[in-house]
Amino acid sequence: MEADAPPAEQLAVYVHWPFCLARCPYCDFNAHVRDTIDQSAWHDAYLTEIAHVAQMLPGRTVTSVFFGGGTPSLMDPATAGAIIDAIGARWHLADDAEITLEANPTSVEAGRFADLRAAGVNRVSLGVQALDDDALKFLGRGHDRQQAINAIALAARIFDRYSFDLIYARPGQTIAAWRAEFNEAVAMAGDHLSLYQLTIERGTPFFSAERDGAFTLPEEDLSAALFETTQEITEQAGLPAYEISNHARPGGECRHNIVYWTGGDYAGIGPGAHGRITREGENCATEQIPGPENWLVAVKADGHGTRRFEALAQGTRIEELIMTGLRLTSGIERQEFTTRTGMELEDALEPRRLRRLIEGGFVKLDAVGIRTTPEGRLRLNAVLAALMG
């Protein structure tokens, strides 16, 4: 059974590694700094959790595995290999499965790339964030510009596919400066780039720093111009946007994340990991215990670390599909929406709200489905709010 198995039999697996060497001031992910990590205990816990989830979802074909974090490149490569092997033993791992691991471009972690490739990882996603040393210091990154460049080059040599992240719309950033930095980055790109405007999340050090006047983000007009510059450069380089923050050459899209955005099934393994799985005809939400130590204790004691498992109401399921599907440039395909919900696309949308967005040039609705226009993607949050009410 391979990746062309029916969608109902396909599964993506997300594995969360919760540890980092240091916490970035903009990050609100479930990430933790620890002086020591018992690699053996984590190895055993992941395998136990995989066995538990596989019992609930037998016979699936795993089309993608994603090691996220945190900083999964801090994981012992042997543990990554054991997790991949366990997934293949408990389910059917497709021959062309995409197996991604997030990494930071410090020299220590980059030196582990060869071992991770040997363990079965075939795609790496690098948290570069900037190619400017002052910006990297501001963002609290543990690497400098040259380490980032070296890590990208190493990833290109070792892995079949690689991607890297950049953050723009930083304080004081001009269009000219971003254009120069980004053109340099694009010249090093493989088949994928993830490009994010800097956002300030409540509870992070940046939240209080901005509140107290330590820095100011670009005004809305400048942020929009930076976004449009980004789209222009990626289009010219053959890396068009396929999602609001992700760009790829044709065929280079991150298959794992497309599962999220199109409403496919994915299992979440590890502290705080979320999942959406179909079981006995119901679409269910799962959530793992967020605290690393608490998760580890629960898995050892109970055989799993799940703290939430509940069927989603149809209205919630529809709302999720619309909010994630409209992140994609291709939007929401009619037949796929009906297959997943049992409802026609128009019946799930409020007519007056939809008409206003169409007339305003933010959304297109046709025989294929619904999608945002370039103007709509520029204002995606406002479009979603207007559409969903």
# chains A, B, ... in the order shown; residues from 1 in each chain; ligands from 1
call {"tool": "select_by_dssp", "arguments": {"residues": "region 230-389 of chain A", "states": "helix (DSSP H, G or I)", "output": "NGL selection string"}}
result
:A and (230-236 or 255-262 or 292-302 or 314-325 or 334-341 or 346-348 or 351-359 or 374-378 or 380-388)
call {"tool": "closest_residue", "arguments": {"among": "A:Asn30, A:Thr61, A:Gln173, A:Thr338", "to": "Ala89 (chain A)", "atoms": "only C-alpha atoms"}}
result
A:Thr61
call {"tool": "residues_around", "arguments": {"residues": "region 36-42 of chain A", "least_positions_apart": "4", "cutoff": "12 Å", "atoms": "only C-alpha atoms", "output": "ChimeraX atom specification"}}
result
/A:15-21,32,46-49,74-80,82-83,269-271,292-293,295-297,299-300
call {"tool": "select_by_dssp", "arguments": {"residues": "region 56-294 of chain A", "states": "strand (DSSP E or B)", "output": "PyMOL selection string"}}
result
chain A and resi 61-69+92-103+123-129+161-168+192-197+241-243+246-248+266-269+274-279+282-288
call {"tool": "residues_around", "arguments": {"residues": "Ser64 (chain A)", "least_positions_apart": "6", "cutoff": "10 Å", "atoms": "only C-alpha atoms", "output": "count of residues only"}}
result
19
call {"tool": "closest_residue", "arguments": {"among": "A:Glu320, A:Glu109, A:Asp366, A:Asp44", "to": "Thr71 (chain A)", "atoms": "only C-alpha atoms"}}
result
A:Glu109
call {"tool": "residues_around", "arguments": {"residues": "Gly172 (chain A)", "least_positions_apart": "3", "cutoff": "12 Å", "atoms": "only C-alpha atoms", "output": "list of chain:residue names"}}
result
A:Asp134, A:Ala135, A:Phe138, A:Tyr168, A:Ala169, A:Ile175, A:Ala176, A:Ala177, A:Trp178, A:Phe215, A:Thr216, A:Leu217, A:Pro218, A:Glu219, A:Leu222, A:Ser223
call {"tool": "residues_around", "arguments": {"residues": "region 373-378 of chain A", "least_positions_apart": "2", "cutoff": "9 Å", "atoms": "only C-alpha atoms", "output": "list in words"}}
result
Ala224, Phe227, Glu228, Ile244, Leu326, Arg327, Thr329, Leu357, Gly361, Phe362, Val363, Lys364, Arg371, Leu380, Asn381, Ala382 and Val383 of chain A
call {"tool": "write_last_selection", "arguments": {"atoms": "N, CA and C atoms", "output": "tab-separated table (two decimals), in the first residue's frame"}}
result
chain	number	residue	atom	x	y	z
A	224	ALA	N	2.74	45.94	4.14
A	224	ALA	CA	2.10	45.49	2.91
A	224	ALA	C	3.08	45.56	1.74
A	227	PHE	N	5.48	42.71	1.99
A	227	PHE	CA	4.80	41.48	1.55
A	227	PHE	C	4.77	41.41	0.03
A	228	GLU	N	4.41	42.51	-0.61
A	228	GLU	CA	4.32	42.52	-2.07
A	228	GLU	C	5.69	42.36	-2.71
A	244	ILE	N	-0.11	31.10	2.39
A	244	ILE	CA	0.11	32.50	2.73
A	244	ILE	C	1.56	32.81	3.09
A	326	LEU	N	-8.39	28.33	3.05
A	326	LEU	CA	-8.20	29.61	2.38
A	326	LEU	C	-6.80	30.18	2.57
A	327	ARG	N	-5.98	29.51	3.37
A	327	ARG	CA	-4.55	29.87	3.43
A	327	ARG	C	-3.83	29.46	2.15
A	329	THR	N	-3.13	29.06	-1.80
A	329	THR	CA	-3.38	29.84	-3.01
A	329	THR	C	-4.45	29.17	-3.86
A	357	LEU	N	-17.46	39.93	-0.06
A	357	LEU	CA	-16.04	39.66	-0.29
A	357	LEU	C	-15.74	39.44	-1.77
A	361	GLY	N	-13.48	42.06	-4.34
A	361	GLY	CA	-12.28	41.57	-5.01
A	361	GLY	C	-11.34	40.79	-4.11
A	362	PHE	N	-11.84	40.27	-2.98
A	362	PHE	CA	-10.99	39.54	-2.04
A	362	PHE	C	-11.10	38.02	-2.16
A	363	VAL	N	-12.20	37.56	-2.75
A	363	VAL	CA	-12.46	36.13	-2.84
A	363	VAL	C	-13.02	35.81	-4.22
A	364	LYS	N	-12.67	34.63	-4.76
A	364	LYS	CA	-13.25	34.14	-6.01
A	364	LYS	C	-13.96	32.82	-5.75
A	371	ARG	N	-11.39	30.55	-3.35
A	371	ARG	CA	-10.01	30.91	-3.02
A	371	ARG	C	-9.91	32.42	-2.86
A	380	LEU	N	-5.62	38.48	4.80
A	380	LEU	CA	-6.26	37.20	5.04
A	380	LEU	C	-7.03	37.16	6.36
A	381	ASN	N	-6.42	37.65	7.43
A	381	ASN	CA	-7.12	37.58	8.73
A	381	ASN	C	-8.44	38.33	8.70
A	382	ALA	N	-8.43	39.50	8.05
A	382	ALA	CA	-9.66	40.28	7.96
A	382	ALA	C	-10.68	39.58	7.06
A	383	VAL	N	-10.23	38.94	6.00
A	383	VAL	CA	-11.13	38.21	5.11
A	383	VAL	C	-11.79	37.06	5.85
call {"tool": "closest_residue", "arguments": {"among": "A:Ala348, A:Ala114, A:Ala187, A:Leu387", "to": "Leu154 (chain A)", "atoms": "only C-alpha atoms"}}
result
A:Ala114
call {"tool": "closest_residue", "arguments": {"among": "A:Gly275, A:Pro171, A:Pro105, A:Pro250", "to": "Val124 (chain A)", "atoms": "only C-alpha atoms"}}
result
A:Pro105
call {"tool": "atom_distance", "arguments": {"atom1": "CA of Tyr26 (chain A)", "atom2": "CA of Ala273 (chain A)"}}
result
19.9 Å
